[in-house]
Every structure is written in structure tokens, then in C-alpha cells.
Amino acid sequence: MKYNAKYSFIFYLIVLIFNFCNCQNYQYFDYTDHSKLNTYAITSQMDQCNVNVFFIAFSDVVPSGPPQIINTMFKGPSTSVSQKVISRNQTTVLYSVLLTFGYGNLESTFFIDDSSNNIVYNCSCKKINVTDLSIEYQTSLFYTEYTSFATVFKIGGLQYPLVLSYPYGLYTITRMDNNYYLLTINSNYYLYESNLLISILFPDDESLNFSINFNKSTPTLYSDLISDLKLYPATKNYTEFGFKHDPLVTFRSVFSKPIPQVFLLSQDTFYFLAKPIYGTPGNLTYIASTIQAYTPKNISLFYQVPQNTFNNIFISELVTNIDTGSNINNSFQKTFIYNKQIISFEISDLFNYDSKYYFYTNIYTEFGNSFSIANGFTFPFGFVNGNNNIYKMNLTTLLPSFYRGNLTVLVAEPISGTNIYYPPIAFLNVVNNSLSNDLISFESIYLNEFKFLLRFHMVSYYGIALISIPTFRPTFIGNENLVSGTIYNGVWEYIYFGEEIVLDRIKIISQSGLINEINIGEPFSISNPNQIITISQIKLNEFNYNNDLSDISFLYNNVNVTNQSVSNIMFINFTNIEKYKNQTIGLYLLDSKSLRDENFDGALVGNFDKNIFGSKYYFSEFDPINNRFQIRFNIPANILPGKLDFLLAFSQSLRIYSPSLPDNFQLNITSSLIDIQGPIFTNIIKNPDSKFGWIVTIEDSINGLDYGIISLFGLMDSSTYNFTIKPSNAINGNKWKGDYELFIPYDSPSSKCISQPFIIKFVELFDTQGNSATFVKYLRTRDGSTLVKTLTNPFINFMNDTNINRINYTCPNESNGTSSAPMLVSFTSSKSEIDVGLINTIDFNFQVIDSLGIKDNQYPIVYLTTSNFDVIECISNVTSKLTNQFKCSIEIPIGFGYPNGILVSVYGFINNGGYFSGYCSQQLLEMNFQSFIATNATFTLDQPYIKSSNKFSNQGGNLWIYGRGFGSDSIVEIKFKDIGFTSFTQYQTSLIYSSAISIENVRSTNQPFVVIVKSSSSSKVSNEFIINPILFNFNYTDPTSSSPLPTNPPKKCLGNPECGGVNNGYCNNGIGCVCYTPWIGEDCTSKVIVVPQPSINTTNPTTNIPINVTDSTENNLYNSLISLVSLRELDFNNKVVKSFNFEKWIYSEINNSTNKYLTTISNKNNIGENADTNITVILQWFEKNDTVTFAGQTLRMNPSSIKYTINITSYSFAQNLNHLQLVMSASLQSSKTDDICSSKSFGNTSDGDNSNFMKLKVNDHSVYGRFIKRAIVDNKIISVENNILDDNSINTTSNSYTSETFIGISIPFYNYNVLVDPDFSVLVDSNPSSSNDENSICTSSSSSKLSNAQLAGIIIGSVAFAAVLVFIASYAIIQGRKERKYLNDMNNKLSSMNKN
């Protein structure tokens, strides 16, 4: 009995346990951040809160696992619920539940089948008592071009983060960290009111208010300080000849204070910020844009000073006509499906193409989720047949191998706003949709300079295709970022710039098209539920805007940036420095130039993108010795004087703006010149001298032109010609103002061609400080959306002529009848399969035939395309013009096209009949040509490859390199240019990731250096990556404190009569004689002789100007000779260290009056290597009076004068204290040798050009040379000395009929280049040279053979007339011999100079 009772109890216990277990089918695990359960409303004005909870439900006894939807119970405010399953398997589900509820405490219970077995959360939605809040801190109102008017404030009394609500339209409030907010005013409200009321809105019509006063924000301006209001074009009706190149307005402000002024241009309800572009303080030109006005609009100018607003309606009824060109609405479309991966899209019956971009968007849709990839291309991509009047396009798309879903292709032409939608194509690959993409783990590792390494471990049955970050600038992370494993189970790494992208979610996309979207800040994986996707933000705890920042100072303050960029150091200290030692601080300059360098355009007030930061940041280093931060940076040249605005960034949301800081934290700038405008066209000549094209004059009077690119486009056949513009290839002038040829090359008249218009479709001109002016016929954006307007149109002076960039070419041998397009007859590639983990180069060879011939100078392009719509271009070159054979080579980016392969297409063949052709991948496939490159066989992951680096300066320090294939056994080696790239040196690494390596203590260098990464275990070696260090030169000197540019001292007015009399000149007391043209000289008694242009010397830059004087009193030949002799290096005692005689010159003709000569000297540098210095000489003949500008000075050029413009590139000095001397020679010789005097003089001019003059005089003729006392050295205008060198070191030949001298132009130590600009003229003098002249040499009459003959003739006075005839003949023979002897002597002297 006891036995049965015992077993009955055991049986009962088993049943009880079994029943209990059935009641506990599920277990719950909490993964919610409980600090976020108590919160404020979604925004300050709302009365409901959002709380997100995350938990896992687990069961190993229920076969189907936890359900999709879980049961809920609530105690408290009314609650709405949004549930989502983040991840699941057969036993476990990770839930996300969003609770939205009103004020009060909420108890939320979640369960599946038994409410007693649950998980509970206690939440609260806190109502804010507005009376408990206060404005705890507020900066004074400040202004920057980046923010407009702004202030930073802090709200006291907040327990939790709060997004503020406010009246929209007047201002914007952005949340920063630690209850700080940035308020920016983004309307014209401040034009009319002195006080602006700021209201922060709360429920029940409550608000927290404070006011902003504008009276102290800007200085007073009166309307009479505004002048020269101009509209470009100067017409009320305007048709754009470049899209978004809208009418522009300029005006001058003569406001004397060096404070940036804020002007608004008002047009209808739009307000445009006027920007300073060039001038001087107190005479500054501003520019502003307008909008397209389809109906008449008024334009007014405002200056926002309360109670003194300047309002001037200066033009009314402006109408802008928009030329959007052709559209694609009426085209015909076809789709060709080759297989489940390759699809071609054809568009035919397209008309009137005119250089636009087409945007192609692939839209992938799978079970309601979608993503899209867009790319934009211009000709020749996709163009397969026709000409621009009517043409056909065809392109091929590659899909992932397992893709199951719909593909929709959109072709858009955003200028006209027309587009084509192809019907969705369904792909029915059989896939198991329950096999999702899973993110297993995620890491965010801070590297440096706001860069993070994002590491994703992902698993996908069908393989990962992309990770998409759908932000303002969409980012796609492809398999080029796979660093270990496979696409089915692997790790991806991506270098992310934390100040540029705001992450709110990511999309993981599989090869089958399945999309897994994960929100930032949420758990994402059952296997790692404690992990969330978050960026390890550079975040400060309890940052105090007012007190933490204790000091900002600078190495240099009150910096003069006139014609010089200045390196500087900012020093930053904190009251609690220990909290900040590991902080990264980014410095960004907010001057107009720096903002424009990042394509920032705040033209439309309150309507522009402010996420511009990136390449222009300078980053901090902590100085442990002085216990402070320091930031090295460069201040641009010729920017606006006053306080230089900047911001200090600590994170994406926390930025400190310098105008909000105390005065002693400010950096002050002075500049006597302002240039923030790129070079512009000031003269355009179409089809000059029957040549086909343009001659354009490009001017930039302050900074000068550095380089430019100009593209011409044929409107019938799309032929394109690109021109690189540099001052060295100007046909006339210099970098401040020069003429450039844009001539389209055409074959001989016997070649076939077509008549067609050409346009200038693209212009980009840069000055020496990096300012640009850009014209694009049709602008391009990444996604096809409209770009903001441009303020920097190089055609600004020609906007009233919409055809200025258009010319018509008339073909002399027109192609008759119709023509077929070029036909491809062969196409091969060097590889059909590659391992994209290695460094691969592929060669493509192809040939076309055409009865009319292939057009010269047009280069077809091979396009390589992946399934992710990544496209790279391989531009070909001609290998055989006779047989129309082409070749191109391209390096394939690592990971490109993996695993689905690479499509190959080729477009851009143009014939002489005006037709083009191209071949998409499917066409190549059908022709049995290479159309596909396989990539799926192998993907090597341990091949090191360097893609980029951090900002490394010439001061040395730690170097970060970014790429892939790095491992724990990686070795970094560097070789330096400054020691000749002789050998690699191994450097110590401190941190190694698969995609990033940190190298410590790289030495300082001003020159580029090469970095490689080696694998010690596999012997694999990376590409050679060149790093150009940022140059900081801390050698600032204030130009105003150094020697000023020279001015000539006062001179006494000479001559009798004074200054040659009233017809020759006048006396300017304190300066000297000022001569009227054509008189010249110290006393205005020398007259410029107008002579024919001398013959061109094609051997060297020597000028020989003969003057033949034949009249009743004299028969004489004068010859003047000007030449370059040598370049000498002198030490500080002016002793010659090295001397280089000019020997061989390369000659080229620029035009009829201008010639160029080039020679090179070779010099040993400090490490014994040869260093070449190029000397370029431009000789320009001036036939008539003209003016030129050199080194900021306007010079008058006399007729029949020759100007030498001499450019010397970098020279390797033996010592920094040494200098160069350019030696020139000048001479004048007369064929008459008896009863004659010569003289030479050297001194200062008196006509205001602040130059030296050199005058060689023989009898009554002179050679006059002008040597300006300034040169352009390293792009700076400095003073130079000119000296006569007639000493024992140089032999001169001077006698009564010959005067010769050598002139030395002294050039100080420099780094990059030197430009000098002397000129010479030939004169006739009112008074011959005599023994009374200084430095004269004369021949007495007693030594003259001619006088003896004359004396004999007088003595034999009775000789017959025949004797007189004999005498005359003898005289002529003697004179002829003398002239021939003179010319031989001059030729020998020239030869001797060239040999020396």
C-alpha cells in the first residue's frame, strides 16, 4: 500500500510538472534601454510620447515557435501599438514594439498565451511645466555666410532630450547636444523689424519666448554708398544659353569699414544673398543671382539694418526664358531579355540631342520593399546609331544571379523634365523567401579625423549584394568591401566619415533582391541581441558652451593675406582639459572662398543644403607639453578682411561658431586686395582670320589664371574637343590677361566632312588661389535632380549674346547623300575572367570600318558595368589611323563586379559624314565579340590595396592609410621624393585593421612620398600609393612691414627748353619730366622711331633692329641688338657661384607678332641629382601704342617696341642666402665711324612707371630699355634690383660708333617660379651725342680718312668734273665695305654670346 502511495505521489508530481511546463511554453528576455522608457513628447508641441521596447520570446516546445504578433495589456493612458519582428528562427523571435501614448505613467504587458507569463515595462510620458523652463544661456546674435543670422541658446530645466516646435517660416531651430540649440533665421523677417520674437511652442497654447535684437548685429549703411548696379545681361528679356545660368546682378559697396556686409537681392518672394567677389576694402564688388521669372518681376536691393533699410528697385519686369532643349517624350521603347540576368533597353526616334545628361535609374522591388540605383551619363554612353537630329540608344543591364522581383527602368532627362518608364519586368527565379539576410554582429571603431570603421558580419543564403545607407547622399557598400569569408557568410568593412552622413537606418540587400531594413539604435540579431547599430559618436558629456572653452589663440593674428596664403596654428584650451584629451576637434573656415571650394551656395536665403563638410576640415592634435590642443591650417589669400569666421566641430550636432565667442578668441584678417571670383572672359573673337573657332581673352587681374578646361561640342555628330588652358600656352599676354586659341582641327580640304554648328559646352577656369568660374551647357547631378544656380559664370560679360558660344562650320567638301554609321569589325579583350581581389589591367583592342572615314581626334569609350550599376570608362587611343584601330587599357577596381560579372559595351565611333555608332553588351554578344568578363571563380581577400589616406602634413606625424587586404602580418614601407625615391624604408605600424593601418612617426617632408603594404607571409605587395602632404610654412611676414614696392625718387626736370618744350612734355614737380607720345627720355627730347617689325630670329631670343638713315646729310646704317646672355647664381657678397650660358633654344611662333623660346639649364641639387630649370621667353612686338599690365602696374608700350616676358621655373640654390642674376645685353652700332660720339646712361624713369631705364646712344640714335623694379616671384609681387654690369667680369665693346652694355636683373631666393618683363625701343634724339655727354666716347675729325680725302679734293680744286665722279664712286665703295664689315661684326658677336 505504501508502495502504491509512493508511486501515486510520483505520478502526481510528474503530471503537475508537465502541466506547469505546458503553462510556461514561452520565456521572455528584455533588451530595452531602460533609460529611454521615461521621455518627453515627440516634439515640444505634441502631447504624446514614443517609447520603443525590444524583447525576445523563446520556446523549444512549440513547434512553430513564437507568433508574429504578440498580445498586449496596458494600464494608463490610451496607447497605440506598432509591432515588428526584427529577426526570428524556429524557436526565437526578436520583437520591436513602438508604444505611442499620452501624458502619464504606462504599464505595458506583453504575452503570448498566458497573461501571467509575460514581460512588463513601466514607461512615462512627462508633461513639461513651461514655468520650470528658462533660457539658461544665449550667445549674442551672430552672422556667417554659412548660417546667416544665428544664435546658440540652452534651455534650463529639461530632464530629457527635447525636439522643439516653433512657428515655421521665420527661423529654424536645430537640436545640439546637452540641451543646446542652434537658431538660424531663414527669412526676410529681419529686414523690417528690429526685434524678432522667438517662440518655442508647447500644448495648450503655451510657449517659451525670448527676443533677438538686430540693432547691434550690423553697421549702418546709407544708399549713397552703393553704386554701379548692373544686370547681366543688360536686358529685361533674357534667354539662357546655359541651364541654371540665370541673370546676375553686381554692384559696388564703398562702405569703408572692413566688415563683411550682408546684402539681399529681392525678387518677388525670393531673397538671394549677395556675395563679395573682388575689389579692395571700401571698393568691393558684390554679385547675386536671380531666379527664372516667367512673368515680369521687380528686383530690389536690401541691406538689413533696422530703421535704415536700403531699398532700391533698380529694374522691373525682368523675364527669363528657359532653354531646356530637346525632350524624350515622343520616343519609342523596346525591351530585350537575353536571359534571367542580361536585359537590354532600346529607345529610338530620339531627336535633337544637344549634350545633355540622361539619368538611368534601376528600381528593384521585392515583396513591397524597394531600392533604386541611379547614374547619369552624357554622349556617347548608350548612343548606338544616328546623328543628333535623330538617333537611337541601347543599353544593357546586368541583374544579380538569383534576383526574384520586379525591375523597372526609368530614363530621365531632368532639364526638360521628361522621362520614360519601361513596364516592370518580373523575374521568376525560384527562391526561398524565408531565408533572410541576417546581420550577425556590428562594430563601429573610431579611427581618426571623424572617420569610423564600420564592420558588418552578415549571413545570407543567396549572398549579399549591397548594404544601402539611404541618406541625403545615398551610400552603397558593395562586395568590394568584403574583407573575410564569403558573400554568404562574411565580414564587410567600410570607412565612414562621421560628420557627413547621418545614419538612421540601413538596408541589407541579397542577390535575390530580398531587403532587410534595420533601424539605427535597435537590436538586430537574435544571436547578439545586446548589440545595436550605432556610431560611436564623438560625444561630450555635459558640455558647457559658455564655460568649458577657456581660450583660443593663434600663432599669428592680425594676418595680412594680400597676395599670400598664410599658414597658422590655432591653440585651444579648456577649463577641464582632462575631459577633452581624447577629443577630436575639426576646424572649418567659413570665409566665402572656403565655402565655395566645397560647392556651398547660400544664394537663396534659407533654402540650401548645409551638409557640405568633408575635405576642408583641419583636425586637432593634443600638445601634452603645453596641455592644450593645436590645429594647423592655411588661410586663403585675398579674402575679405575683418574677423575670419570659423567653426569648431566636436560631433555632427555640436559645433561652435566663432562669431558667438569673445573678441579675444577671434582671428583678424587684413587684405588690401579681395579676389573670390574665378577668371572670366573679357573678349571673344569668333572665327578670326578665317580660322574656325574662337580666340578668347581670359582675365583675372588679382590672382591670375592658373589653368582651365574648355570643351567644344558638335551639334550634329557630338564630336568633342577639349582644350587645356594655361598661361604658358597663351598666344598673347600673361596670367592676369591673356589670349587663347580654341581652334577646331579639321583635315585637308579633300577630306569629307559635314557643315554643323559647334558650341562651347563646358568651361572651368581656376585662378592661382583655387577660385573657379564654371559654365556648363547642361548641369549634371548624381540623381538627375536640379542643381542650384551658379554665381561664377565666365561668360558674365556676354550674357546678352546667347550665340557667343556658338559658331557655324561650313564644310568645303560636304559629304553628299546619306551615310551609314561606322561598323565594328573586331573587338577583343585581353582577359575574359579575372580574380577581382587582385590588381588587374585589361586591354581592349577593336577596329571599325566606314566608307567616309573615321573622324580624327575622337576617341571611343569602352564602358564596364556591374549588376550594382557601377560604371567605369576606358577611353581609347588610335593605334592605326590607316585601318581605324583603337586600343584602351584600364585597371579594374578591387571587388568590381563580384560575383555577377562585368558587362562590356563600347560607344563613340564618329565618321566624317556626321554619323555615330556604338554597341551595347547584347549587341557585342550577338556579334560573338567579348561582351562579358566573369568574376565569380575566385575572390582573393588578402591582396593588400591602398585607396586613400588621412590628411598628412609636411610637419610629419602619424599616417593612416585606408584600403583592403591588410592583415596582422602587414609591413608598411615608404620611399621619399626628397631623397630621389631611391629606396623603401620600413615604418612601425601601431594599429592594423583589414581596411585601415596606422603608421607612427612618419618623418616630415615637403615632397610627395610613396607608400606600399607588404604581406610578410604571402609576399603579396600592394599598389604604390602617392601621398602629397599638405604644406604648412610657418614663415609669415606682414607685407606692409617688409620693403614696400619701389617708387622712383623725385627728379629735377631737365632740358632747355624744359622737358623739350610744351609740345614734348611737361614738368611734374617732384617726379620729373612727363613726356607726350611719341617723345620719351629724361628731358623728352628723344622720339620713338616707327620701324617695320624686325625679322624673326628662330635660333635664340635675340632682337636685331636695323635703322637705315638715308637723306641729304647722311647715309648711315644703325643696328641695335638685344639678347639674353646667361643666368648666374651669386652669394651674399655678390660673388658668382655658378653661371649658366644660354645655348640651345626651342623656338615656336605664337602669332605674327609674338614668339616663344624655351631653354633648359641643368643644375646639381643638394643630394647630387640633376635638377632642371626651364627658361621661357616670350618676345612680343608692339606695332602701335598699347598698354599692358605687369605685377599690378599698368605700363605704356610705345610703337615699334619689343617686350621680353621671361619665366624661370624652380632653381636648386646652393644656399638659401644666394640669389640669381639674369644677364641681358644691349648694343647699338653705327656704320659711320668718323666724327661721331657714343654714350650710355642708366637711371630712374620719371613718367610714373617706377622703372630703371638704360639708354645707349650713338650719334642721334638710341636704344632705350625699360627695366621694371618689380617681378612676380612665387606668385607674389616683390621689388627687384637692376644693375649695369660693365665691370671686369664681363667684357663690353664700346667706342665712338658702338655702345654696348650688360644689365643684371637680380632675383631673390625663391621656390617655384619667377616672371620679369623688360622692354626696349629705338629712338631718335633731337641732339646728337657729344663729348659733353656723360660716359661719352668721341672720334675727332683729324682722324677721319674721309676728311683727308675731302681735303685732297679741296687742294686739287681745278681737277675736272670727272675726278669728282671718281671721288663719289670711291666714297660709296668705302661706305659699302664699312656696312658689310659692321654686319659681319654683329653676327660674330651674336655667335660669341651664344657660345659663352
# chains A, B, ... in the order shown; residues from 1 in each chain; ligands from 1
call {"tool": "residues_around", "arguments": {"residues": "range 1318-1327 of chain A", "least_positions_apart": "4", "cutoff": "6 Å", "atoms": "only C-alpha atoms", "output": "VMD selection string"}}
result
chain A and resid 1085 to 1089 1201 to 1204 1260 to 1267
call {"tool": "residues_around", "arguments": {"residues": "Met716 in chain A", "least_positions_apart": "6", "cutoff": "7 Å", "atoms": "only C-alpha atoms", "output": "MDAnalysis selection string"}}
result
chainID A and resid 387:389 756 914
call {"tool": "write_last_selection", "arguments": {"atoms": "N, CA and C atoms", "output": "tab-separated table (two decimals), in the first residue's frame"}}
result
chain	number	residue	atom	x	y	z
A	387	ASN	N	22.57	60.42	-85.88
A	387	ASN	CA	23.23	61.68	-85.57
A	387	ASN	C	22.30	62.44	-84.63
A	388	ASN	N	22.68	63.64	-84.26
A	388	ASN	CA	21.91	64.32	-83.22
A	388	ASN	C	20.52	64.76	-83.67
A	389	ASN	N	20.27	64.74	-84.99
A	389	ASN	CA	18.92	65.07	-85.47
A	389	ASN	C	17.94	63.96	-85.14
A	756	GLN	N	28.15	72.01	-89.69
A	756	GLN	CA	27.38	71.88	-88.45
A	756	GLN	C	27.76	73.02	-87.51
A	914	GLY	N	29.14	62.60	-90.26
A	914	GLY	CA	28.30	63.12	-89.20
A	914	GLY	C	27.48	62.09	-88.47
call {"tool": "atom_distance", "arguments": {"atom1": "CA of Phe351 in chain A", "atom2": "CA of Asp717 in chain A"}}
result
12.6 Å
call {"tool": "select_by_dssp", "arguments": {"residues": "range 100-180 of chain A", "states": "strand (DSSP E or B)", "output": "compact mmCIF listing (two decimals) with C-alpha atoms, in the first residue's frame"}}
result
# COMPACT_ATOMS: atom_id res chain seq x y z
CA THR A 100 2.62 55.87 -28.55
CA PHE A 101 0.72 57.24 -25.56
CA GLY A 102 -0.27 60.44 -23.80
CA GLY A 104 1.24 59.86 -17.55
CA ASN A 105 2.61 56.52 -16.40
CA LEU A 106 2.03 53.46 -18.55
CA GLU A 107 2.36 49.80 -17.57
CA SER A 108 2.75 47.71 -20.71
CA THR A 109 2.38 43.92 -20.53
CA PHE A 110 3.30 41.60 -23.40
CA PHE A 111 2.42 37.88 -23.53
CA ASN A 118 4.67 37.94 -19.52
CA ILE A 119 7.16 40.73 -19.79
CA VAL A 120 6.25 44.12 -18.33
CA TYR A 121 7.55 47.65 -18.97
CA ASN A 122 6.79 50.73 -16.91
CA CYS A 123 7.02 53.88 -19.03
CA SER A 124 6.16 57.50 -18.53
CA CYS A 125 5.36 60.42 -20.79
CA SER A 134 14.27 79.14 -18.84
CA ILE A 135 16.75 80.33 -21.42
CA GLU A 136 19.80 79.46 -19.38
CA TYR A 137 22.37 80.65 -21.89
CA GLN A 138 22.26 82.56 -25.16
CA PHE A 142 25.98 86.49 -34.98
CA TYR A 143 26.29 86.20 -38.73
CA THR A 144 28.23 83.87 -41.01
CA SER A 148 23.04 83.53 -41.94
CA PHE A 149 22.00 85.27 -38.72
CA ALA A 150 22.07 82.82 -35.82
CA THR A 151 22.32 82.35 -32.09
CA VAL A 152 23.04 79.43 -29.79
CA PHE A 153 20.94 79.00 -26.67
CA LYS A 154 20.42 76.47 -23.90
CA ILE A 155 17.14 75.62 -22.20
CA GLY A 156 17.40 75.10 -18.47
CA SER A 165 8.42 73.10 -32.13
CA TYR A 171 13.62 80.62 -38.39
CA THR A 172 14.90 77.10 -37.85
CA ILE A 173 15.94 75.52 -34.54
CA THR A 174 18.30 72.56 -34.61
CA ARG A 175 19.00 70.43 -31.53
CA TYR A 180 21.87 73.36 -26.59
call {"tool": "residues_around", "arguments": {"residues": "Pro203 in chain A", "least_positions_apart": "4", "cutoff": "9 Å", "atoms": "only C-alpha atoms", "output": "PyMOL selection string"}}
result
chain A and resi 44-47+207
call {"tool": "residues_around", "arguments": {"residues": "Ser826 in chain A", "least_positions_apart": "2", "cutoff": "6 Å", "atoms": "only C-alpha atoms", "output": "MDAnalysis selection string"}}
result
chainID A and resid 824 846:847
call {"tool": "write_last_selection", "arguments": {"atoms": "N, CA and C atoms", "output": "PDB file, in the first residue's frame"}}
result
ATOM      1  N   LEU A 824      31.558  48.104 -86.461  1.00  0.00           N
ATOM      2  CA  LEU A 824      32.575  47.408 -85.678  1.00  0.00           C
ATOM      3  C   LEU A 824      32.865  46.065 -86.334  1.00  0.00           C
ATOM      4  N   PHE A 846      40.096  47.058 -80.765  1.00  0.00           N
ATOM      5  CA  PHE A 846      38.936  46.978 -81.643  1.00  0.00           C
ATOM      6  C   PHE A 846      39.178  47.786 -82.904  1.00  0.00           C
ATOM      7  N   GLN A 847      38.360  47.473 -83.911  1.00  0.00           N
ATOM      8  CA  GLN A 847      38.522  48.086 -85.232  1.00  0.00           C
ATOM      9  C   GLN A 847      37.146  48.342 -85.829  1.00  0.00           C
TER      10      GLN A 847
END
